[in-house]
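File shown: target-v5.txt (compact mmCIF, C-alpha atoms).
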```txt
# COMPACT_ATOMS: atom_id res chain seq x y z
CA MET A 1 23.28 -6.03 -7.20
CA ILE A 2 21.67 -2.62 -7.45
CA ILE A 3 18.05 -2.25 -8.46
CA ARG A 4 16.47 1.08 -9.26
CA ILE A 5 12.80 1.76 -8.71
CA LEU A 6 12.01 4.70 -10.95
CA GLY A 7 10.96 7.75 -8.96
CA GLU A 8 12.25 6.23 -5.72
CA GLY A 9 15.97 5.62 -6.14
CA GLN A 10 18.40 2.72 -5.96
CA LEU A 11 18.38 -0.25 -3.60
CA ARG A 12 21.04 -2.85 -2.98
CA VAL A 13 19.58 -6.34 -3.11
CA ASP A 14 21.33 -9.62 -2.42
CA ASP A 15 22.04 -11.63 -5.60
CA SER A 16 20.33 -14.66 -4.06
CA ALA A 17 16.98 -12.92 -4.51
CA LEU A 18 17.33 -12.84 -8.27
CA SER A 19 15.39 -15.98 -9.17
CA GLU A 20 12.51 -14.99 -6.93
CA LEU A 21 12.43 -11.51 -8.45
CA ASN A 22 12.69 -12.92 -11.95
CA GLU A 23 9.57 -14.95 -11.33
CA LEU A 24 7.65 -11.87 -10.24
CA ASP A 25 9.12 -10.00 -13.20
CA ALA A 26 7.98 -12.72 -15.60
CA ARG A 27 4.42 -12.24 -14.34
CA LEU A 28 4.74 -8.52 -14.96
CA GLY A 29 6.02 -9.14 -18.49
CA ALA A 30 3.24 -11.61 -19.22
CA ALA A 31 0.62 -9.12 -18.02
CA VAL A 32 2.02 -6.45 -20.34
CA GLU A 33 2.16 -8.92 -23.24
CA GLY A 34 -1.43 -9.96 -22.62
CA SER A 35 -2.61 -6.38 -21.92
CA ASP A 36 -4.11 -7.62 -18.67
CA GLU A 37 -4.54 -4.49 -16.56
CA ALA A 38 -5.54 -6.25 -13.34
CA ALA A 39 -2.68 -8.75 -13.55
CA PHE A 40 -0.30 -5.92 -14.40
CA THR A 41 -1.25 -3.85 -11.37
CA ALA A 42 -0.95 -6.87 -9.06
CA ALA A 43 2.37 -8.02 -10.55
CA LEU A 44 3.93 -4.55 -10.36
CA ALA A 45 2.82 -4.09 -6.76
CA ALA A 46 4.16 -7.53 -5.82
CA LEU A 47 7.51 -6.92 -7.48
CA LEU A 48 7.97 -3.45 -6.02
CA GLY A 49 6.85 -4.63 -2.60
CA ARG A 50 9.38 -7.45 -2.61
CA VAL A 51 12.27 -5.28 -3.77
CA ARG A 52 11.48 -2.63 -1.17
CA ALA A 53 11.25 -5.31 1.52
CA ILE A 54 14.59 -6.95 0.82
CA GLY A 55 16.53 -3.97 -0.53
CA ALA A 56 18.56 -1.36 1.32
CA PRO A 57 18.93 2.16 -0.10
CA THR A 58 22.34 2.85 -1.64
CA GLU A 59 24.46 5.82 -0.70
CA PRO A 60 23.01 8.82 -2.56
CA ALA A 61 26.47 9.76 -3.83
CA ASP A 62 27.00 6.31 -5.34
CA LEU A 63 27.41 6.60 -9.12
CA GLU A 64 27.09 2.92 -9.90
CA PRO A 65 24.53 2.07 -12.60
CA SER A 66 21.70 -0.32 -11.72
CA ALA A 67 21.65 -3.92 -12.91
CA LEU A 68 17.86 -3.87 -13.04
CA ILE A 69 15.36 -1.04 -13.30
CA LEU A 70 11.74 -1.19 -12.19
CA PRO A 71 8.89 1.05 -13.34
CA GLN A 72 7.50 3.60 -10.89
CA ALA A 73 4.70 2.46 -8.58
CA ASP A 74 1.93 4.28 -10.47
CA ALA A 75 3.15 3.25 -13.92
CA THR A 76 0.53 2.18 -16.43
CA MET A 77 1.05 -0.60 -18.97
CA ASP A 78 1.61 2.07 -21.60
CA ASP A 79 4.29 3.63 -19.42
CA VAL A 80 6.05 0.29 -19.22
CA ARG A 81 5.79 -0.22 -22.97
CA GLY A 82 7.31 3.22 -23.36
CA LEU A 83 10.19 2.29 -21.07
CA LEU A 84 10.96 -0.75 -23.19
CA THR A 85 11.57 1.14 -26.40
CA ASP A 86 14.65 3.12 -27.29
CA ASP A 87 12.69 6.16 -28.36
CA GLY A 88 10.19 5.79 -25.54
CA LEU A 89 9.90 7.61 -22.25
CA ILE A 90 13.51 7.78 -21.20
CA PRO A 91 14.89 11.19 -22.08
CA GLY A 92 18.22 11.64 -23.88
CA MET B 93 19.64 -19.26 -11.93
CA TYR B 94 18.16 -18.30 -15.28
CA GLU B 95 16.43 -21.64 -15.94
CA GLY B 96 13.01 -20.03 -15.59
CA MET B 97 13.70 -17.54 -18.32
CA ILE B 98 12.51 -19.31 -21.44
CA ALA B 99 10.34 -16.29 -22.08
CA PRO B 100 11.99 -13.16 -23.49
CA MET B 101 14.22 -11.15 -21.18
CA GLY B 102 12.43 -9.74 -18.17
CA VAL B 103 11.04 -6.24 -17.93
CA MET B 104 13.57 -5.09 -15.29
CA LYS B 105 16.56 -6.08 -17.37
CA ARG B 106 15.18 -4.64 -20.57
CA VAL B 107 14.48 -1.29 -18.95
CA SER B 108 18.00 -1.12 -17.55
CA LEU B 109 19.43 -1.94 -20.98
CA VAL B 110 17.43 0.85 -22.59
CA PHE B 111 18.86 3.26 -20.02
CA LYS B 112 22.40 2.03 -20.67
CA SER B 113 21.94 2.23 -24.41
CA LYS B 114 20.90 5.88 -24.10
CA ALA B 115 23.98 6.63 -22.03
CA ASN B 116 26.25 4.83 -24.49
CA LYS B 117 24.84 6.71 -27.43
CA ALA B 118 25.45 9.99 -25.65
CA LEU B 119 29.01 8.91 -24.84
CA ASP B 120 29.62 7.96 -28.47
CA ARG B 121 28.69 11.44 -29.56
CA MET B 122 31.49 12.92 -27.43
CA GLU B 123 34.94 13.03 -28.97
CA ASP B 124 37.10 14.22 -26.12
CA PRO B 125 36.53 12.30 -22.84
CA ARG B 126 37.31 15.35 -20.75
CA GLU B 127 34.86 17.39 -22.72
CA THR B 128 32.31 14.70 -21.86
CA LEU B 129 32.87 15.36 -18.17
CA ASP B 130 32.39 19.09 -18.37
CA TYR B 131 29.52 18.93 -20.79
CA SER B 132 27.73 16.33 -18.71
CA TYR B 133 28.27 18.35 -15.56
CA GLN B 134 26.66 21.39 -17.19
CA THR B 135 23.69 19.27 -18.21
CA GLN B 136 23.40 17.98 -14.66
CA LEU B 137 23.32 21.48 -13.23
CA GLU B 138 20.62 22.45 -15.71
CA LEU B 139 18.57 19.42 -14.75
CA LEU B 140 18.98 20.29 -11.08
CA GLN B 141 17.58 23.74 -11.77
CA LYS B 142 14.75 22.24 -13.74
CA VAL B 143 13.78 19.84 -10.98
CA ARG B 144 13.80 22.68 -8.44
CA ARG B 145 11.56 24.74 -10.68
CA GLY B 146 9.38 21.65 -10.94
CA VAL B 147 9.06 21.48 -7.15
CA ALA B 148 8.07 25.17 -7.06
CA ASP B 149 5.49 24.71 -9.85
CA VAL B 150 3.86 21.77 -8.13
CA ALA B 151 3.77 23.70 -4.84
CA THR B 152 2.06 26.62 -6.58
CA SER B 153 -0.57 24.33 -8.06
CA ARG B 154 -1.09 22.65 -4.71
CA LYS B 155 -1.64 26.01 -3.00
CA ARG B 156 -4.13 27.04 -5.62
CA VAL B 157 -6.14 23.85 -5.12
CA GLU B 158 -5.94 24.41 -1.37
CA LEU B 159 -7.38 27.90 -1.80
CA GLN B 160 -10.26 26.57 -3.87
CA ILE B 161 -10.96 23.87 -1.31
CA ASN B 162 -11.18 26.58 1.37
CA GLN B 163 -13.55 28.66 -0.73
CA LEU B 164 -15.78 25.68 -1.35
CA GLN B 165 -15.69 24.82 2.35
CA GLN B 166 -16.94 28.31 3.19
CA SER B 167 -19.77 27.95 0.69
CA SER B 168 -20.62 24.56 2.10
CA ASP B 169 -20.73 25.91 5.66
CA LYS B 170 -22.89 28.79 4.56
CA LEU B 171 -25.35 26.55 2.74
CA ASP B 172 -25.50 24.36 5.81
CA ARG B 173 -26.40 27.36 7.98
CA GLN B 174 -28.98 28.44 5.45
CA ALA B 175 -30.54 24.98 5.48
CA ARG B 176 -30.85 25.16 9.27
CA ASP B 177 -32.24 28.70 9.21
CA SER B 178 -34.71 27.70 6.53
CA LEU B 179 -35.90 24.71 8.52
CA SER B 180 -36.37 26.71 11.70
CA ALA B 181 -38.36 29.21 9.65
CA GLY B 182 -40.52 26.33 8.46
CA ARG B 183 -39.30 26.54 4.89
CA GLU B 184 -38.39 22.97 4.06
CA ASP B 185 -38.34 23.78 0.34
CA LEU B 186 -35.54 26.30 0.86
CA ALA B 187 -33.69 23.95 3.19
CA ARG B 188 -33.84 21.22 0.57
CA GLU B 189 -32.50 23.56 -2.12
CA ALA B 190 -29.64 24.63 0.15
CA LEU B 191 -28.75 21.01 0.87
CA VAL B 192 -28.84 20.11 -2.82
CA ARG B 193 -26.34 22.88 -3.49
CA LYS B 194 -24.28 21.85 -0.52
CA SER B 195 -23.96 18.35 -1.92
CA GLY B 196 -22.68 19.93 -5.14
CA THR B 197 -19.92 21.75 -3.29
CA THR B 198 -19.14 18.58 -1.34
CA SER B 199 -18.54 16.54 -4.48
CA GLN B 200 -16.34 19.28 -5.91
CA MET B 201 -14.39 19.39 -2.68
CA ASN B 202 -13.92 15.64 -2.71
CA ASP B 203 -12.56 15.90 -6.22
CA LEU B 204 -10.20 18.72 -5.24
CA ASN B 205 -9.03 16.81 -2.18
CA VAL B 206 -7.96 13.94 -4.42
CA GLN B 207 -6.09 16.41 -6.63
CA TYR B 208 -4.51 17.99 -3.59
CA ALA B 209 -3.21 14.66 -2.32
CA SER B 210 -1.89 13.81 -5.75
CA LEU B 211 -0.01 17.13 -6.01
CA GLN B 212 1.34 16.70 -2.51
CA GLY B 213 2.65 13.29 -3.54
CA GLU B 214 4.30 14.73 -6.66
CA GLU B 215 5.86 17.52 -4.65
CA GLU B 216 7.36 15.06 -2.21
CA LYS B 217 8.64 12.78 -4.97
CA LEU B 218 10.25 15.67 -6.84
CA THR B 219 11.80 17.04 -3.66
CA ASN B 220 13.35 13.65 -2.96
CA ALA B 221 14.45 13.33 -6.58
CA SER B 222 16.08 16.74 -6.36
CA GLN B 223 18.01 15.70 -3.25
CA ARG B 224 19.14 12.42 -4.80
CA LEU B 225 20.27 14.16 -7.95
CA GLN B 226 22.09 16.82 -5.96
CA ALA B 227 24.06 14.14 -4.09
CA LYS B 228 25.01 12.42 -7.35
CA VAL B 229 25.93 15.66 -9.08
CA ASP B 230 28.21 16.55 -6.17
CA ALA B 231 29.79 13.11 -6.37
CA PHE B 232 30.21 13.48 -10.11
CA ARG B 233 31.93 16.84 -9.75
CA THR B 234 34.46 15.37 -7.32
CA ARG B 235 34.99 12.35 -9.56
CA LYS B 236 35.40 14.61 -12.58
CA GLU B 237 38.18 16.63 -10.96
CA THR B 238 39.96 13.47 -9.81
CA ILE B 239 39.78 11.95 -13.27
CA LYS B 240 41.07 15.10 -14.90
CA ALA B 241 43.95 15.45 -12.47
CA THR B 242 45.02 11.86 -12.16
CA TYR B 243 44.51 9.99 -15.37
CA THR B 244 45.71 10.23 -18.92
CA ALA B 245 43.03 10.54 -21.55
CA ALA B 246 43.18 6.83 -22.34
CA GLU B 247 43.00 5.72 -18.74
CA ALA B 248 40.29 8.20 -18.00
CA GLN B 249 37.90 6.76 -20.56
CA THR B 250 36.76 3.76 -18.52
CA ARG B 251 36.24 5.80 -15.39
CA ILE B 252 34.41 8.48 -17.26
CA ASN B 253 32.13 5.88 -18.80
CA GLU B 254 31.28 4.49 -15.37
CA ALA B 255 30.52 7.84 -13.84
CA PHE B 256 28.64 9.00 -16.89
CA THR B 257 26.47 5.89 -17.10
CA GLY B 258 25.63 6.10 -13.41
CA ILE B 259 24.63 9.74 -13.49
CA SER B 260 22.79 9.34 -16.80
CA GLU B 261 20.53 6.77 -15.22
CA GLU B 262 19.72 9.16 -12.38
CA MET B 263 19.16 11.98 -14.83
CA GLY B 264 16.86 9.85 -16.95
CA ASP B 265 14.87 8.91 -13.87
CA VAL B 266 14.63 12.50 -12.63
CA GLY B 267 13.81 13.73 -16.13
CA MET B 268 10.83 11.40 -16.30
CA ALA B 269 9.74 12.38 -12.79
CA ILE B 270 9.76 16.03 -13.84
CA GLN B 271 7.76 15.17 -16.93
CA ARG B 272 5.14 13.30 -14.91
CA ALA B 273 4.87 16.15 -12.42
CA GLU B 274 4.54 18.67 -15.26
CA ASP B 275 1.80 16.63 -16.89
CA LYS B 276 -0.05 16.46 -13.62
CA THR B 277 0.26 20.16 -12.82
CA GLU B 278 -0.86 21.03 -16.35
CA GLN B 279 -4.01 18.98 -15.85
CA MET B 280 -4.58 20.56 -12.46
CA LYS B 281 -3.98 24.05 -13.83
CA ALA B 282 -6.54 23.45 -16.53
CA ARG B 283 -9.11 22.23 -14.01
CA ALA B 284 -8.33 24.90 -11.44
CA GLY B 285 -8.56 27.51 -14.20
CA ALA B 286 -11.93 26.15 -15.21
CA ILE B 287 -13.23 26.40 -11.64
CA ASP B 288 -11.85 29.95 -11.26
CA GLU B 289 -13.51 30.93 -14.51
CA LEU B 290 -16.80 29.45 -13.41
CA MET B 291 -16.58 31.37 -10.14
CA ALA B 292 -15.74 34.59 -11.97
CA SER B 293 -18.51 34.13 -14.52
CA GLY B 294 -21.08 33.79 -11.77
CA ALA B 295 -22.20 30.38 -12.99
CA LEU B 296 -21.26 28.93 -9.63
CA ASP B 297 -22.88 31.74 -7.65
CA ASP B 298 -25.88 29.55 -7.08
CA VAL B 299 -23.61 27.11 -5.33
CA VAL B 300 -21.09 29.49 -3.93
CA SER B 301 -21.90 32.68 -2.12
CA GLY B 302 -22.50 35.52 -4.51
CA PRO B 303 -24.84 38.21 -5.67
CA ARG B 304 -27.45 35.75 -6.91
CA ASP B 305 -27.72 33.82 -3.66
CA ASP B 306 -31.49 33.54 -3.71
CA ILE B 307 -31.75 31.29 -0.65
CA GLN B 308 -30.20 34.00 1.46
CA ALA B 309 -32.40 36.60 -0.20
CA GLU B 310 -35.49 34.61 0.68
CA LEU B 311 -34.31 34.12 4.25
CA ASP B 312 -33.53 37.84 4.52
CA ARG B 313 -36.94 38.71 3.17
CA MET B 314 -38.58 36.37 5.69
CA GLY B 315 -36.44 37.81 8.43
CA ALA B 316 -37.33 41.33 7.39
CA THR B 317 -41.02 40.48 7.24
CA HIS B 318 -40.82 39.00 10.67
CA GLY B 319 -39.08 42.11 11.99
CA VAL B 320 -41.64 44.43 10.44
CA ASP B 321 -44.52 42.44 11.90
CA HIS B 322 -42.86 42.53 15.27
CA GLU B 323 -42.27 46.24 15.06
CA LEU B 324 -45.87 46.87 14.05
CA GLU B 325 -47.07 44.94 17.07
CA ARG B 326 -44.87 46.96 19.38
CA ILE B 327 -45.95 50.28 17.91
CA LYS B 328 -49.58 49.29 18.15
CA ALA B 329 -49.05 48.29 21.77
CA GLU B 330 -47.49 51.64 22.59
CA LEU B 331 -50.19 53.65 20.88
CA ASP B 332 -52.93 51.74 22.57
CA GLN B 333 -51.64 52.58 26.01
CA GLY B 334 -53.90 55.58 25.59
CA SER B 335 -51.46 58.18 26.94
CA ALA B 336 -50.01 58.87 23.53
CA PRO B 337 -52.75 60.54 21.57
CA ARG B 338 -50.51 61.92 18.82
CA GLN B 339 -51.54 59.19 16.40
CA ILE B 340 -55.04 58.46 15.28
CA GLU B 341 -54.68 54.81 14.27
CA GLY B 342 -54.17 51.70 16.42
CA THR B 343 -57.66 51.27 17.82
CA GLY B 344 -58.06 47.74 16.44
CA ALA B 345 -55.24 46.22 18.45
CA ALA B 346 -56.19 47.76 21.74
CA GLY B 347 -57.54 44.65 23.41
CA GLU B 348 -54.48 42.51 22.70
CA ALA B 349 -51.75 45.05 23.28
CA GLN B 350 -52.94 46.54 26.55
CA PRO B 351 -52.27 43.56 28.84
CA ALA B 352 -48.67 43.20 27.65
CA ALA B 353 -47.72 46.78 28.34
CA PRO B 354 -47.51 46.76 32.15
CA ALA B 355 -45.31 43.69 32.10
CA GLN B 356 -42.76 45.36 29.79
CA PRO B 357 -42.24 48.94 30.90
CA ALA B 358 -38.74 49.09 29.37
CA THR B 359 -40.03 47.98 26.00
CA ALA B 360 -42.71 50.59 26.06
CA ALA B 361 -40.15 53.28 26.81
CA GLN B 362 -37.90 52.16 23.97
CA VAL B 363 -40.75 51.98 21.54
CA ALA B 364 -41.92 55.39 22.61
CA ASP B 365 -38.87 56.90 20.89
CA GLN B 366 -39.69 55.38 17.59
CA PRO B 367 -42.77 57.28 16.52
CA ARG B 368 -41.00 60.48 17.44
CA THR B 369 -37.92 59.79 15.29
CA GLY B 370 -40.26 58.58 12.60
CA ASP B 371 -42.47 61.67 12.64
CA PRO B 372 -40.33 64.14 10.71
CA GLN B 373 -39.90 61.71 7.77
```

Spit out the file's structure as structure tokens when you get a sec.
Amino acid sequence: MIIRILGEGQLRVDDSALSELNELDARLGAAVEGSDEAAFTAALAALLGRVRAIGAPTEPADLEPSALILPQADATMDDVRGLLTDDGLIPG
Amino acid sequence: MYEGMIAPMGVMKRVSLVFKSKANKALDRMEDPRETLDYSYQTQLELLQKVRRGVADVATSRKRVELQINQLQQSSDKLDRQARDSLSAGREDLAREALVRKSGTTSQMNDLNVQYASLQGEEEKLTNASQRLQAKVDAFRTRKETIKATYTAAEAQTRINEAFTGISEEMGDVGMAIQRAEDKTEQMKARAGAIDELMASGALDDVVSGPRDDIQAELDRMGATHGVDHELERIKAELDQGSAPRQIEGTGAAGEAQPAAPAQPATAAQVADQPRTGDPQ
């Protein structure tokens, strides 16, 4: 599957990594829900670190949409909340 | 695989769905699929231009911060020299004042260095984003021509949707990157402008070199005083050699100046010129 890290581009990640990534993602979601800044920062760093470690960059000319999209490395909790709403950060 | 997901859908999936929903809405607004291709391509080219302008704007801001860092560095070096000069002149009070001001420039420089690194990071991110987008726009153009040439309108729809969704995601990503870079450069511009204004207003002249640099003035005054004293001593020494009776003063210093004269014949000769050039004034 293809995962995009906002601001960095797309990475191809083996499907077998999904449950592991979902666990990290759940921590990120919980941190945002609980407005826990420290937990949020740690969870985002862990998730991004893992995806970067196991992912391989896609061909730049590849037009395939991503299955999953991750916030940029310096995203704040507010940024993430913005990404989760239809009229939030994403232009268009 | 999804057994752990009792909680609501994960962040990653939700973000990707928001992206897809934006792309779908845009697609729904288009009536003719082929028109979608051309219209989208135009939008892509515009975004490419925008991201390139973004790179240039960030670079300009970065250079401005760099210039200010250099100016502050010069001030810091100068204050450091002044502190040393003051100390060797026995003026610890002046040295302390110079060092206090130096620490002010140092903290400003530290702040600007952080800004500089941040702008450098933005510049690099935007440059990469611009390259990624360029590759996708090129791919889209090729795909667009193929779709137009090969498929009927009905067949084309699916392929157009794929290409459109893929490039929309990239455009959304780049669009946000541009926005973040713009926000950052705006903040930097405001701060850089404030520092420039302070420099222009003279409010920073106490820290930076400028017309009201009183430490330097004090050092100059001390230096000048020292020079005058020295000169007086030399003139007195020359007059008291006895062979130059043109002046009537200088009797008081006779005892001290006389012994030095034989040891420094060159000095005496040089000094001998001075009363002469001074006479007509």

Item to complete: Identify all chain B residues at most 6 Å from chain A by counting all atoms listed in the file; ligands do not count. Present them as a PyMOL selection string.
Response: chain B and resi 102-105+107-108+110+224+227-228+231+255+258+264-265

Worksheet item: In Å, with one decimal, what is the gap from atom CA of B:Gln271 to atom CA of B:Ala209?
Response: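 Separation between atom CA of B:Gln271 and atom CA of B:Ala209: 18.3 Å.
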
Fill in: Nearest to A:Asp14 by atom-to-atom distance, counting all atoms listed in the file, from A:Leu48, A:Met1, A:Ala31, A:Ala38
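When distances to A:Asp14 are compared using all atoms listed in the file, the smallest one comes from A:Met1.
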
Discussion item. Set the distance at 12 Å and use all atoms listed in the file: which residues neighbour B:Arg176 once local chain neighbours fewer than 2 positions away are removed? I'd like the list as a PyMOL selection string.
Written reply: chain B and resi 169-174+178-191+307-308+311

Worksheet item: How many Å separate atom CA of A:Ala56 from atom CA of A:Val13?
Response: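 About the pair atom CA of A:Ala56 and atom CA of A:Val13: they are 6.7 Å apart.
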
Practice prompt. Identify the residues around (17.5, -3.3, 0.4) within a radius of 7 Å, measuring from only C-alpha atoms in the coordinates stated by the file, and give them as a ChimeraX atom specification.
Written response: /A:11-13,51-57

File of the preceding selection, C-alpha atoms, as an mmCIF file, keeping the file's coordinate frame:
```cif
data_model
loop_
_atom_site.group_PDB
_atom_site.id
_atom_site.type_symbol
_atom_site.label_atom_id
_atom_site.label_comp_id
_atom_site.auth_asym_id
_atom_site.auth_seq_id
_atom_site.Cartn_x
_atom_site.Cartn_y
_atom_site.Cartn_z
ATOM 1 C CA LEU A 11 18.380 -0.250 -3.600
ATOM 2 C CA ARG A 12 21.040 -2.850 -2.980
ATOM 3 C CA VAL A 13 19.580 -6.340 -3.110
ATOM 4 C CA VAL A 51 12.270 -5.280 -3.770
ATOM 5 C CA ARG A 52 11.480 -2.630 -1.170
ATOM 6 C CA ALA A 53 11.250 -5.310 1.520
ATOM 7 C CA ILE A 54 14.590 -6.950 0.820
ATOM 8 C CA GLY A 55 16.530 -3.970 -0.530
ATOM 9 C CA ALA A 56 18.560 -1.360 1.320
ATOM 10 C CA PRO A 57 18.930 2.160 -0.100
#
```

Fill in: Surrounding residues of stretch 241-246 of chain B excluding itself and chain neighbours under 3 positions, 12 Å, all atoms listed in the file, as a PyMOL selection string
chain B and resi 123-129+234-238+249-253

Practice prompt. Could you check how far atom CA of B:Gly196 sits from atom CA of B:Ile161, in Å to one decimal?
Written response: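 Between atom CA of B:Gly196 and atom CA of B:Ile161 the gap is 12.9 Å.
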